[in-house]
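Colleague: Once you've had a glance at the structure underneath, I'll fire off some questions.
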Amino acid sequence: MQTVPRLALSALATAALLSGCATTREQAPLPDGRDVALGQRAYVDGPIVQPVKLLEDSRCPMNARCIWAGRVRLQMVWIRGNGERQPFEVTLGEPARLADGTITLESVRPAKRTSDAIRPEDYRFSFRFLGGL
């Protein structure tokens, strides 16, 4: 019966552990600003942006009557060409200054309902960028 030296076993165990620690590359940004989830990066007519946190969703549920329509606010990050991450905030339907133009959060899905809570991973956002302003 052949025995494997302890040093060889130790090296094999270390290699197996390190193979599980290999760095993973970030996923490429989505090709456009439609249907973007929290944490996803997307090209929005030029800039690469990423919604990172839902700050407010006070929209009136679709199956309720409200005095105020409510609003949605997101904490965002603009990922610049040099890799720098610049935070900014957007509000549904209101243009926000970004780079050489404005970015608008155009829609939020799913619709809000009185009977259902929306989980953060279920949100999808659509953005539009108008540059050169």
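Going by the structure tokens order, chains are called A, B, ..., each with residues numbered from 1, while ligands are numbered from 1 in the order shown.
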Please identify which residues in stretch 7-121 of chain A DSSP calls alpha helix (DSSP H) from the backbone, and express them as a short mmCIF file (atom, residue, chain, number, x, y, z; two decimals) with N, CA and C atoms, in the first residue's frame.
Modeller:
data_model
loop_
_atom_site.label_atom_id
_atom_site.label_comp_id
_atom_site.auth_asym_id
_atom_site.auth_seq_id
_atom_site.Cartn_x
_atom_site.Cartn_y
_atom_site.Cartn_z
N LEU A 7 3.16 16.34 3.46
CA LEU A 7 3.39 17.60 2.74
C LEU A 7 2.58 17.64 1.45
N ALA A 8 2.51 16.53 0.74
CA ALA A 8 1.72 16.47 -0.49
C ALA A 8 0.24 16.61 -0.18
N LEU A 9 -0.23 15.95 0.88
CA LEU A 9 -1.64 16.09 1.26
C LEU A 9 -1.97 17.53 1.64
N SER A 10 -1.06 18.16 2.37
CA SER A 10 -1.27 19.55 2.77
C SER A 10 -1.34 20.46 1.56
N ALA A 11 -0.47 20.23 0.58
CA ALA A 11 -0.47 21.04 -0.64
C ALA A 11 -1.76 20.85 -1.42
N LEU A 12 -2.24 19.59 -1.51
CA LEU A 12 -3.50 19.33 -2.20
C LEU A 12 -4.68 20.00 -1.50
N ALA A 13 -4.71 19.94 -0.18
CA ALA A 13 -5.80 20.56 0.57
C ALA A 13 -5.79 22.08 0.38
N THR A 14 -4.60 22.68 0.42
CA THR A 14 -4.48 24.12 0.22
C THR A 14 -4.93 24.52 -1.18
N ALA A 15 -4.54 23.76 -2.19
CA ALA A 15 -4.95 24.05 -3.56
C ALA A 15 -6.46 23.96 -3.71
N ALA A 16 -7.06 22.97 -3.08
CA ALA A 16 -8.52 22.82 -3.16
C ALA A 16 -9.23 24.00 -2.50
N LEU A 17 -8.73 24.44 -1.35
CA LEU A 17 -9.32 25.59 -0.68
C LEU A 17 -9.18 26.86 -1.50
N LEU A 18 -8.00 27.07 -2.05
CA LEU A 18 -7.77 28.29 -2.83
C LEU A 18 -8.58 28.32 -4.11
N SER A 19 -8.86 27.17 -4.69
CA SER A 19 -9.63 27.17 -5.93
C SER A 19 -11.04 27.69 -5.70
#
Colleague: Restrict the calculation to only C-alpha atoms, then for each residue of stretch 52-129 of chain A with any atom at most 12 Å from an atom of stretch 29-48 of chain A give the closest atom pair and their distance in Å to one decimal, rows by chain and rising residue number, as a tab-separated table.
Modeller:
residue	atom	partner	partner_atom	distance
A:Val52	CA	A:Gly39	CA	5.2
A:Lys53	CA	A:Leu38	CA	6.7
A:Leu54	CA	A:Leu38	CA	7.9
A:Leu55	CA	A:Leu38	CA	11.6
A:Leu74	CA	A:Leu38	CA	9.3
A:Gln75	CA	A:Leu38	CA	9.8
A:Met76	CA	A:Gly39	CA	9.3
A:Val77	CA	A:Ile48	CA	8.5
A:Trp78	CA	A:Ile48	CA	6.0
A:Ile79	CA	A:Ile48	CA	5.4
A:Arg80	CA	A:Ile48	CA	7.1
A:Gly81	CA	A:Ile48	CA	8.7
A:Asn82	CA	A:Ile48	CA	11.6
A:Gly83	CA	A:Ile48	CA	10.2
A:Glu84	CA	A:Ile48	CA	11.2
A:Arg85	CA	A:Ile48	CA	10.0
A:Gln86	CA	A:Ile48	CA	10.8
A:Leu98	CA	A:Pro47	CA	8.6
A:Ala99	CA	A:Pro47	CA	7.9
A:Asp100	CA	A:Pro47	CA	9.9
A:Gly101	CA	A:Pro47	CA	10.0
A:Thr102	CA	A:Pro47	CA	10.4
A:Ile103	CA	A:Val44	CA	8.4
A:Thr104	CA	A:Val44	CA	10.0
A:Leu105	CA	A:Gly33	CA	9.4
A:Glu106	CA	A:Arg34	CA	9.3
A:Ser107	CA	A:Arg34	CA	8.9
A:Val108	CA	A:Asp35	CA	8.8
A:Arg109	CA	A:Asp35	CA	8.4
A:Pro110	CA	A:Asp35	CA	10.7
A:Arg119	CA	A:Leu38	CA	10.9
A:Pro120	CA	A:Leu38	CA	7.3
A:Glu121	CA	A:Leu38	CA	6.7
A:Asp122	CA	A:Ala37	CA	7.5
A:Tyr123	CA	A:Ala37	CA	6.0
A:Arg124	CA	A:Ala37	CA	4.8
A:Phe125	CA	A:Val36	CA	5.0
A:Ser126	CA	A:Arg34	CA	4.3
A:Phe127	CA	A:Gly33	CA	4.9
A:Arg128	CA	A:Val44	CA	6.2
A:Phe129	CA	A:Asp45	CA	5.7
Colleague: Can you list, as a PDB file with N, CA, C and O atoms, in the first residue's frame, every protein, DNA or RNA residue that comes within 10 Å of A:Ala64 when you count only C-alpha atoms, leaving out same-chain residues fewer than 6 positions away?
Modeller:
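Below is the file that was written, out.pdb:
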ATOM      1  N   LYS A 112     -47.514  48.730  -7.068  1.00  0.00           N
ATOM      2  CA  LYS A 112     -47.752  48.506  -5.647  1.00  0.00           C
ATOM      3  C   LYS A 112     -49.212  48.099  -5.435  1.00  0.00           C
ATOM      4  O   LYS A 112     -50.110  48.598  -6.104  1.00  0.00           O
ATOM      5  N   ARG A 113     -49.446  47.154  -4.500  1.00  0.00           N
ATOM      6  CA  ARG A 113     -50.800  46.697  -4.162  1.00  0.00           C
ATOM      7  C   ARG A 113     -50.931  46.711  -2.637  1.00  0.00           C
ATOM      8  O   ARG A 113     -49.948  46.490  -1.936  1.00  0.00           O
ATOM      9  N   THR A 114     -52.134  46.932  -2.153  1.00  0.00           N
ATOM     10  CA  THR A 114     -52.338  46.990  -0.703  1.00  0.00           C
ATOM     11  C   THR A 114     -52.077  45.649  -0.028  1.00  0.00           C
ATOM     12  O   THR A 114     -51.639  45.598   1.113  1.00  0.00           O
TER      13      THR A 114
END
Colleague: Between A:Asp116, A:Pro95, A:Ala111, A:Pro87, which is the closest to A:Leu130 once you count only C-alpha atoms?
Modeller: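 Ranking A:Asp116, A:Pro95, A:Ala111, A:Pro87 by distance to A:Leu130, first place goes to A:Pro95.
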Colleague: Could you please write out, as a list in words, every residue of stretch 46-81 of chain A that DSSP assigns to strand (DSSP E or B)?
Modeller: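 Reading the DSSP output for stretch 46-81 of chain A, strand (DSSP E or B) covers Ile48, Val49, Gln50, Pro51, Val52, Lys53, Leu54, Leu55, Glu56, Asp57, Val72, Arg73, Leu74, Gln75, Met76, Val77, Trp78 and Ile79 of chain A.
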Colleague: What separation in Å, quoted to one decimal, exists between atom CA of A:Ser58 and atom CA of A:Glu89?
Modeller: 15.9 Å
Colleague: Leaving out A:Cys60 and any residue of its chain fewer than 5 positions from it, which residues lie within 7 Å of it when counting only C-alpha atoms, given as a PyMOL selection string?
Modeller: chain A and resi 66+69-70
